[in-house]
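Dropping final19.csv in here (CSV, C-alpha atoms):
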```csv
chain,number,residue,atom,x,y,z
A,1,MET,CA,142.0,2.5,-30.5
A,2,ASN,CA,145.7,3.0,-30.4
A,3,GLU,CA,146.8,6.6,-30.4
A,4,ILE,CA,150.2,7.6,-31.7
A,5,PRO,CA,151.8,9.9,-29.1
A,6,SER,CA,152.5,13.3,-30.7
A,7,THR,CA,155.9,14.8,-30.2
A,8,ALA,CA,156.7,18.4,-30.4
A,9,VAL,CA,159.2,19.0,-33.2
A,10,ALA,CA,161.0,22.3,-33.6
A,11,PRO,CA,160.2,23.7,-37.0
A,12,VAL,CA,163.0,23.6,-39.5
A,13,SER,CA,163.0,25.9,-42.5
A,14,GLY,CA,164.3,24.9,-45.9
A,15,ALA,CA,166.8,27.8,-45.9
A,16,ALA,CA,169.6,27.2,-48.3
A,17,VAL,CA,173.3,27.6,-47.5
A,18,GLY,CA,173.2,30.8,-49.7
A,19,ASP,CA,170.5,32.3,-47.3
A,20,TYR,CA,172.9,31.8,-44.4
A,21,VAL,CA,175.6,33.6,-46.3
A,22,GLN,CA,173.2,36.4,-47.3
A,23,ILE,CA,172.2,37.2,-43.7
A,24,LEU,CA,175.9,37.7,-42.9
A,25,LYS,CA,175.8,40.8,-45.3
A,26,PRO,CA,178.8,39.8,-47.3
A,27,ARG,CA,179.2,43.2,-49.1
A,28,VAL,CA,179.4,45.0,-45.8
A,29,MET,CA,181.7,42.3,-44.5
A,30,SER,CA,184.1,42.8,-47.4
A,31,LEU,CA,184.7,46.5,-46.5
A,32,VAL,CA,185.0,45.5,-42.8
A,33,VAL,CA,187.6,42.9,-43.6
A,34,PHE,CA,189.6,45.3,-45.8
A,35,THR,CA,189.7,48.0,-43.2
A,36,GLY,CA,190.6,45.5,-40.6
A,37,ILE,CA,193.5,44.2,-42.7
A,38,VAL,CA,194.8,47.8,-43.1
A,39,GLY,CA,194.7,48.2,-39.3
A,40,LEU,CA,196.7,45.0,-39.0
A,41,ALA,CA,199.2,46.1,-41.6
A,42,LEU,CA,199.8,49.6,-40.3
A,43,ALA,CA,200.1,48.7,-36.6
A,44,PRO,CA,203.7,48.8,-35.3
A,45,GLY,CA,204.9,45.3,-34.4
A,46,HIS,CA,204.7,41.8,-35.7
A,47,LEU,CA,202.0,39.2,-35.7
A,48,HIS,CA,202.5,35.7,-37.1
A,49,PRO,CA,200.8,35.6,-40.6
A,50,PHE,CA,198.6,32.7,-39.5
A,51,LEU,CA,197.4,34.5,-36.4
A,52,ALA,CA,196.8,37.6,-38.6
A,53,GLY,CA,194.7,35.5,-40.9
A,54,VAL,CA,192.7,34.2,-37.9
A,55,ALA,CA,192.2,37.8,-36.7
A,56,VAL,CA,190.8,38.8,-40.1
A,57,LEU,CA,188.6,35.7,-40.1
A,58,CYS,CA,187.2,36.6,-36.6
A,59,ILE,CA,186.6,40.2,-37.6
A,60,ALA,CA,184.7,39.0,-40.7
A,61,ILE,CA,182.6,36.5,-38.8
A,62,GLY,CA,181.9,39.0,-36.0
A,63,ALA,CA,180.7,41.5,-38.5
A,64,GLY,CA,178.6,38.8,-40.2
A,65,ALA,CA,177.1,37.9,-36.8
A,66,SER,CA,176.1,41.5,-36.2
A,67,GLY,CA,174.4,41.5,-39.7
A,68,ALA,CA,172.5,38.3,-38.9
A,69,ILE,CA,171.2,39.6,-35.6
A,70,ASN,CA,170.3,42.9,-37.3
A,71,MET,CA,168.3,41.1,-39.9
A,72,TRP,CA,166.5,39.1,-37.2
A,73,TYR,CA,165.5,42.3,-35.4
A,74,ASP,CA,164.7,44.3,-38.4
A,75,ARG,CA,162.7,41.7,-40.3
A,76,ASP,CA,159.4,43.7,-39.8
A,77,ILE,CA,160.8,46.8,-41.5
A,78,ASP,CA,162.8,44.9,-44.1
A,79,ARG,CA,159.5,43.5,-45.4
A,80,VAL,CA,158.3,47.1,-46.1
A,81,MET,CA,161.4,48.3,-48.0
A,82,ARG,CA,161.9,47.3,-51.6
A,83,ARG,CA,165.7,47.2,-51.1
A,84,THR,CA,165.5,44.6,-48.3
A,85,ALA,CA,162.2,42.7,-49.0
A,86,SER,CA,164.0,39.8,-50.7
A,87,ARG,CA,166.2,39.1,-47.7
A,88,PRO,CA,165.8,35.5,-46.4
A,89,LEU,CA,163.7,36.5,-43.3
A,90,PRO,CA,161.1,38.9,-44.9
A,91,ALA,CA,160.9,36.6,-47.9
A,92,GLY,CA,160.0,33.7,-45.6
A,93,ARG,CA,162.9,31.5,-46.5
A,94,MET,CA,164.3,31.4,-43.0
A,95,LEU,CA,162.8,31.3,-39.5
A,96,PRO,CA,163.6,34.2,-37.2
A,97,GLY,CA,164.9,31.9,-34.5
A,98,GLU,CA,167.4,30.3,-37.0
A,99,ALA,CA,168.9,33.7,-37.9
A,100,LEU,CA,169.1,34.8,-34.2
A,101,GLY,CA,170.7,31.5,-33.1
A,102,PHE,CA,173.1,31.6,-36.1
A,103,GLY,CA,174.1,35.2,-35.3
A,104,CYS,CA,174.6,34.5,-31.6
A,105,VAL,CA,176.7,31.4,-32.1
A,106,LEU,CA,178.9,33.2,-34.6
A,107,ALA,CA,179.2,36.3,-32.3
A,108,VAL,CA,180.3,34.3,-29.3
A,109,GLY,CA,182.5,32.0,-31.4
A,110,SER,CA,184.4,34.8,-33.2
A,111,VAL,CA,185.1,36.7,-30.0
A,112,ALA,CA,186.3,33.6,-28.2
A,113,VAL,CA,188.5,32.4,-31.0
A,114,LEU,CA,190.0,35.9,-31.4
A,115,GLY,CA,190.7,36.1,-27.7
A,116,ILE,CA,192.3,32.6,-27.5
A,117,ALA,CA,194.3,32.9,-30.7
A,118,VAL,CA,195.4,36.5,-30.7
A,119,ASN,CA,194.7,38.6,-27.6
A,120,TRP,CA,191.8,39.7,-25.4
A,121,VAL,CA,192.0,43.4,-26.1
A,122,ALA,CA,191.2,42.7,-29.7
A,123,ALA,CA,188.5,40.3,-28.6
A,124,GLU,CA,186.9,42.8,-26.3
A,125,LEU,CA,186.9,45.4,-29.1
A,126,LEU,CA,185.2,42.8,-31.4
A,127,ALA,CA,182.6,42.1,-28.6
A,128,LEU,CA,182.1,45.9,-28.2
A,129,THR,CA,181.6,46.2,-32.0
A,130,ILE,CA,178.9,43.5,-32.1
A,131,ALA,CA,177.2,44.8,-29.0
A,132,PHE,CA,177.2,48.4,-30.2
A,133,TYR,CA,175.8,47.5,-33.6
A,134,VAL,CA,173.1,45.2,-32.2
A,135,LEU,CA,172.1,47.0,-29.0
A,136,VAL,CA,172.9,50.6,-29.5
A,137,TYR,CA,172.4,51.0,-33.3
A,138,THR,CA,169.8,48.4,-34.3
A,139,MET,CA,167.7,48.1,-31.2
A,140,TRP,CA,168.0,51.6,-29.7
A,141,LEU,CA,168.9,54.3,-32.2
A,142,LYS,CA,167.8,53.2,-35.6
A,143,ARG,CA,164.1,53.7,-35.1
A,144,ARG,CA,164.3,56.6,-32.7
A,145,THR,CA,166.6,59.4,-34.0
A,146,PRO,CA,167.9,60.8,-37.2
A,147,GLN,CA,171.4,60.7,-35.6
A,148,ASN,CA,171.1,56.8,-35.8
A,149,ILE,CA,173.9,56.3,-38.3
A,150,VAL,CA,176.1,59.1,-36.9
A,151,ILE,CA,176.4,57.4,-33.5
A,152,GLY,CA,175.8,53.9,-34.8
A,153,GLY,CA,178.7,54.5,-37.3
A,154,ALA,CA,181.1,53.8,-34.4
A,155,ALA,CA,180.4,50.1,-34.8
A,156,GLY,CA,181.4,50.1,-38.5
A,157,ALA,CA,184.5,52.2,-37.7
A,158,LEU,CA,186.0,49.8,-35.1
A,159,PRO,CA,187.4,47.0,-37.3
A,160,PRO,CA,190.7,48.8,-38.2
A,161,LEU,CA,191.1,49.4,-34.4
A,162,ILE,CA,190.6,45.7,-33.8
A,163,GLY,CA,193.2,44.9,-36.4
A,164,TRP,CA,195.6,47.4,-34.8
A,165,ALA,CA,194.9,46.0,-31.3
A,166,ALA,CA,195.5,42.4,-32.6
A,167,VAL,CA,199.1,43.4,-33.4
A,168,THR,CA,199.9,45.8,-30.5
A,169,GLY,CA,197.6,44.5,-27.8
A,170,ASP,CA,196.4,48.1,-27.1
A,171,VAL,CA,194.5,51.0,-28.7
A,172,GLY,CA,197.0,53.3,-30.3
A,173,TRP,CA,196.6,56.8,-31.9
A,174,GLY,CA,197.1,55.4,-35.3
A,175,GLY,CA,194.3,53.0,-34.8
A,176,ILE,CA,192.1,55.8,-33.5
A,177,ALA,CA,192.9,57.9,-36.6
A,178,LEU,CA,191.7,55.0,-38.8
A,179,PHE,CA,188.5,54.7,-36.7
A,180,ALA,CA,187.9,58.4,-37.1
A,181,ILE,CA,188.1,58.2,-40.9
A,182,ILE,CA,185.3,55.6,-41.1
A,183,PHE,CA,183.3,57.3,-38.3
A,184,PHE,CA,183.1,60.7,-40.2
A,185,TRP,CA,182.7,59.0,-43.6
A,186,THR,CA,179.6,57.1,-42.5
A,187,PRO,CA,177.1,60.0,-42.3
A,188,PRO,CA,177.6,61.4,-45.8
A,189,HIS,CA,177.7,57.8,-47.2
A,190,PHE,CA,174.4,56.7,-45.7
A,191,TRP,CA,172.6,60.1,-46.1
A,192,ALA,CA,173.4,60.0,-49.9
A,193,LEU,CA,171.6,56.6,-50.0
A,194,SER,CA,168.7,57.8,-47.8
A,195,LEU,CA,168.2,60.9,-50.0
A,196,TYR,CA,167.0,58.8,-52.9
A,197,LYS,CA,165.4,56.1,-50.7
A,198,ALA,CA,163.6,58.6,-48.4
A,199,ASP,CA,160.1,57.3,-49.3
A,200,GLU,CA,161.1,53.7,-48.4
A,201,TYR,CA,162.6,54.8,-45.1
A,202,ALA,CA,159.5,56.9,-44.3
A,203,ALA,CA,157.2,54.0,-45.2
A,204,ALA,CA,159.2,51.8,-42.8
A,205,GLY,CA,159.1,54.4,-40.1
A,206,ILE,CA,162.8,54.9,-39.9
A,207,PRO,CA,163.6,58.6,-39.0
A,208,MET,CA,166.5,59.1,-41.4
A,209,LEU,CA,167.6,62.7,-41.7
A,210,PRO,CA,166.0,63.4,-45.1
A,211,VAL,CA,162.7,62.0,-43.7
A,212,VAL,CA,162.8,64.1,-40.5
A,213,ALA,CA,164.7,67.3,-41.5
A,214,GLY,CA,164.3,67.3,-45.2
A,215,ALA,CA,166.7,67.0,-48.2
A,216,ARG,CA,168.1,70.6,-47.8
A,217,GLU,CA,169.3,70.1,-44.2
A,218,THR,CA,170.6,66.6,-45.1
A,219,LYS,CA,172.7,68.0,-48.0
A,220,ARG,CA,174.1,70.8,-45.7
A,221,GLN,CA,175.2,68.2,-43.1
A,222,MET,CA,176.7,65.9,-45.8
A,223,LEU,CA,178.8,68.8,-47.1
A,224,LEU,CA,180.0,69.6,-43.5
A,225,TYR,CA,181.0,66.0,-42.9
A,226,THR,CA,183.0,66.0,-46.1
A,227,LEU,CA,184.9,69.1,-44.9
A,228,VAL,CA,185.6,67.5,-41.5
A,229,LEU,CA,187.1,64.5,-43.5
A,230,TRP,CA,189.9,66.8,-44.7
A,231,PRO,CA,191.7,67.0,-41.4
A,232,VAL,CA,190.6,63.6,-40.3
A,233,THR,CA,192.0,61.8,-43.3
A,234,ALA,CA,195.2,63.9,-42.9
A,235,ALA,CA,195.6,62.5,-39.3
A,236,PRO,CA,197.5,59.3,-40.2
A,237,TRP,CA,200.1,61.5,-42.0
A,238,LEU,CA,200.3,64.0,-39.1
A,239,LEU,CA,200.7,61.1,-36.6
A,240,GLY,CA,203.6,59.7,-38.7
A,241,VAL,CA,201.6,56.5,-39.5
A,242,SER,CA,201.8,57.2,-43.2
A,243,GLY,CA,203.8,59.3,-45.6
A,244,PRO,CA,203.4,62.1,-48.2
A,245,LEU,CA,202.1,59.8,-50.9
A,246,TYR,CA,199.1,59.0,-48.7
A,247,ALA,CA,198.7,62.7,-47.7
A,248,ALA,CA,198.6,63.8,-51.3
A,249,GLY,CA,196.2,61.1,-52.4
A,250,ALA,CA,193.9,61.6,-49.4
A,251,GLY,CA,193.8,65.3,-50.1
A,252,GLY,CA,192.8,64.7,-53.7
A,253,LEU,CA,190.1,62.2,-52.8
A,254,SER,CA,188.7,64.4,-50.1
A,255,LEU,CA,188.5,67.3,-52.6
A,256,ALA,CA,186.6,65.0,-55.0
A,257,PHE,CA,184.3,63.9,-52.1
A,258,THR,CA,183.5,67.5,-51.2
A,259,ALA,CA,182.9,68.3,-54.9
A,260,CYS,CA,180.4,65.4,-54.9
A,261,ALA,CA,178.6,66.9,-51.9
A,262,LEU,CA,178.5,70.3,-53.5
A,263,ARG,CA,176.9,68.8,-56.6
A,264,VAL,CA,174.3,67.1,-54.4
A,265,TRP,CA,173.7,70.5,-52.7
A,266,ARG,CA,173.0,72.2,-56.0
A,267,ASP,CA,171.2,69.4,-57.7
A,268,GLU,CA,167.5,69.0,-57.1
A,269,THR,CA,167.3,65.5,-58.7
A,270,GLU,CA,168.4,62.3,-57.1
A,271,ARG,CA,171.1,61.5,-59.7
A,272,SER,CA,173.9,63.3,-57.9
A,273,ALA,CA,173.0,61.6,-54.6
A,274,ARG,CA,173.2,58.2,-56.4
A,275,GLN,CA,176.6,59.2,-57.8
A,276,MET,CA,177.8,60.4,-54.4
A,277,PHE,CA,176.7,57.1,-52.7
A,278,ALA,CA,178.7,55.1,-55.3
A,279,PHE,CA,181.7,57.5,-55.0
A,280,SER,CA,181.6,57.3,-51.2
A,281,LEU,CA,182.3,53.5,-51.4
A,282,ALA,CA,185.2,54.1,-53.8
A,283,TYR,CA,186.5,56.9,-51.5
A,284,LEU,CA,186.8,54.8,-48.4
A,285,PHE,CA,188.3,51.9,-50.4
A,286,LEU,CA,190.9,54.2,-52.0
A,287,ILE,CA,191.8,56.0,-48.8
A,288,PHE,CA,192.6,52.6,-47.1
A,289,MET,CA,194.3,51.3,-50.2
A,290,LEU,CA,196.5,54.4,-50.2
A,291,LEU,CA,197.4,53.8,-46.5
A,292,LEU,CA,198.3,50.2,-47.5
A,293,VAL,CA,200.4,51.2,-50.5
A,294,ASP,CA,202.1,54.0,-48.7
A,295,HIS,CA,203.0,51.6,-45.9
A,296,ALA,CA,204.3,49.0,-48.4
A,297,ILE,CA,206.5,51.5,-50.1
A,298,GLY,CA,208.4,52.6,-47.0
A,299,PRO,CA,208.6,54.8,-43.9
A,300,PRO,CA,207.4,58.4,-44.2
A,301,ILE,CA,210.0,61.1,-44.7
A,302,GLY,CA,210.9,62.6,-41.4
A,303,GLY,CA,208.4,60.5,-39.4
A,304,GLY,CA,208.4,57.2,-37.6
A,305,ARG,CA,205.6,54.7,-37.6
B,1,MET,CA,158.4,18.2,-68.5
B,2,MET,CA,157.8,17.9,-64.8
B,3,ALA,CA,158.4,20.7,-62.3
B,4,ASP,CA,160.9,20.1,-59.4
B,5,ASP,CA,159.2,18.4,-56.4
B,6,PRO,CA,159.2,21.0,-53.5
B,7,VAL,CA,159.8,18.2,-51.0
B,8,ASP,CA,162.8,17.0,-52.9
B,9,GLY,CA,164.1,20.6,-53.2
B,10,ARG,CA,163.7,21.1,-49.4
B,11,SER,CA,165.5,17.9,-48.5
B,12,ARG,CA,168.3,18.8,-51.0
B,13,ARG,CA,168.7,22.2,-49.3
B,14,ILE,CA,168.8,20.6,-45.8
B,15,ARG,CA,171.4,18.1,-47.0
B,16,ALA,CA,173.5,20.9,-48.4
B,17,ARG,CA,173.2,22.7,-45.1
B,18,ASN,CA,174.3,19.6,-43.1
B,19,LEU,CA,177.3,19.2,-45.4
B,20,ALA,CA,178.2,22.9,-45.0
B,21,LEU,CA,178.0,22.4,-41.2
B,22,LEU,CA,180.2,19.4,-41.4
B,23,LEU,CA,182.8,21.3,-43.4
B,24,VAL,CA,182.7,24.2,-40.8
B,25,LEU,CA,183.3,21.8,-38.0
B,26,LEU,CA,186.2,20.1,-39.8
B,27,GLY,CA,187.5,23.6,-40.5
B,28,LEU,CA,187.4,24.5,-36.8
B,29,VAL,CA,189.2,21.3,-35.9
B,30,ALA,CA,191.9,22.2,-38.4
B,31,LEU,CA,192.0,25.8,-37.2
B,32,PHE,CA,192.6,24.8,-33.6
B,33,TYR,CA,195.2,22.2,-34.6
B,34,ALA,CA,197.1,24.9,-36.5
B,35,LEU,CA,196.7,27.4,-33.7
B,36,THR,CA,198.2,25.0,-31.2
B,37,ILE,CA,201.2,24.4,-33.5
B,38,VAL,CA,201.7,28.2,-34.1
B,39,ARG,CA,201.3,29.0,-30.4
B,40,MET,CA,203.7,26.2,-29.4
B,41,SER,CA,206.3,27.4,-31.8
B,42,GLY,CA,206.5,30.6,-29.7
B,43,SER,CA,204.7,33.2,-32.0
```

Translate this structure into structure tokens?
Amino acid sequence: MNEIPSTAVAPVSGAAVGDYVQILKPRVMSLVVFTGIVGLALAPGHLHPFLAGVAVLCIAIGAGASGAINMWYDRDIDRVMRRTASRPLPAGRMLPGEALGFGCVLAVGSVAVLGIAVNWVAAELLALTIAFYVLVYTMWLKRRTPQNIVIGGAAGALPPLIGWAAVTGDVGWGGIALFAIIFFWTPPHFWALSLYKADEYAAAGIPMLPVVAGARETKRQMLLYTLVLWPVTAAPWLLGVSGPLYAAGAGGLSLAFTACALRVWRDETERSARQMFAFSLAYLFLIFMLLLVDHAIGPPIGGGR
Amino acid sequence: MMADDPVDGRSRRIRARNLALLLVLLGLVALFYALTIVRMSGS
């Protein structure tokens, strides 16, 4: 009897193009791209518009790569949480190896292209961002400590610094101020979400602050972070990176953000936490939009850029 | 009315994926071509 020799064939999933787009976390990517563009715009110096476009593309793809590797690693807990159960990996539409391979190729590719096209300081910062998000936040901190998003927030805060470094070739104080705004904005933003998703985080075994320390302590820390944001958001104006228009707008927005945190502090229902989460997204967008508009209008009174 | 054949759906998705990959590769070629031009122009 003739036997047909069997050959080992690597399994291929039927994942659609849309699934590959989804594992790049396009919504997170859009905020990363926007803050990166602001870093590029505010940095002193000139970068050819095409190279600036390449830098933004690399920042976007690098952020997407981090998201894909994060989804590969977190596929077990994503299955447990309602918010994430329909993602391509927990839903079974994509094989884990495909997501990991896709993420790694994009990570290496985005860093290499940024280094070749723009400069290697920006490329190293992008590599640091991806490594920090994947190794420090996703693999180390996320499942171990309620301070996961505080320290891990550094990864999400780096894109404007990458944009800044793409233009200047180094890490300036203006770029560090932009980094600090996102870094101190991250805890109240994520804790607002985790206040009304605490049961899902608990079921998945993620020690978010409301799960470990309770809602009261979380609300207290959220309020403190919104107060810290007052001087931090004033830093670009104090450093002469932006003018009085930005300073006035940022002051008003920080006041509104603190008012949100106070409402969350007083409110026992989850309604105010949901509102604060939505406002936190608008807050960061408007702060960076103000920086951009202020920069477009002209140099600050009595200050150099 | 007949339901969509799952085998057909799967091969359609794989075909779309291959096409997307081709477009990405062509995009990379165009990107490096443009990069070379911009770099050579002294920017």

*Could you please determine the separation between atom CA of Gly14 of chain A and atom CA of Arg10 of chain B in Å, to one decimal place?*
5.2 Å

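Residues in contact with Val38 of chain B at 9 Å, where all atoms listed in the file are counted and same-chain residues fewer than 5 positions away are skipped, are listed as His48, Phe50 and Leu51 of chain A; Tyr33 and Ser43 of chain B.
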
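The part of chain A that reaches within 10 Å of chain B is made up of Val12, Ser13, Gly14, Ala15, Ala16, Val17, Gly18, Tyr20, His46, Leu47, His48, Pro49, Phe50, Leu51, Val54, Val113, Ile116, Ala117 and Val118 of chain A, counting only C-alpha atoms.
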
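Between atom CA of Leu229 of chain A and atom CA of Ile149 of chain A lies a distance of 16.4 Å.
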
Leaving out Leu286 of chain A and any residue of its chain fewer than 4 positions from it, which residues lie within 9 Å of it when counting all atoms listed in the file, given as a PDB file with C-alpha atoms, keeping the file's coordinate frame?
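After the write, out-v5.pdb holds the following:
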```pdb
ATOM      1  CA  GLY A 249     196.200  61.100 -52.400  1.00  0.00           C
ATOM      2  CA  ALA A 250     193.900  61.600 -49.400  1.00  0.00           C
ATOM      3  CA  LEU A 253     190.100  62.200 -52.800  1.00  0.00           C
ATOM      4  CA  LEU A 281     182.300  53.500 -51.400  1.00  0.00           C
ATOM      5  CA  ALA A 282     185.200  54.100 -53.800  1.00  0.00           C
ATOM      6  CA  LEU A 290     196.500  54.400 -50.200  1.00  0.00           C
ATOM      7  CA  LEU A 291     197.400  53.800 -46.500  1.00  0.00           C
TER       8      LEU A 291
END
```

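The gap separating atom CA of Gln275 of chain A from atom CA of Leu255 of chain A is 15.3 Å, in Å to one decimal.
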
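Distances here use only C-alpha atoms; by that measure, the residue among A:Pro207, A:Glu200, A:Trp237, A:Ala192 closest to Arg263 of chain A is A:Ala192.
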
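With all atoms listed in the file as the atoms that count, the residue of A:Leu239, A:Leu95, A:Val212, A:Leu135 with the shortest distance to Ala177 of chain A is A:Leu239.
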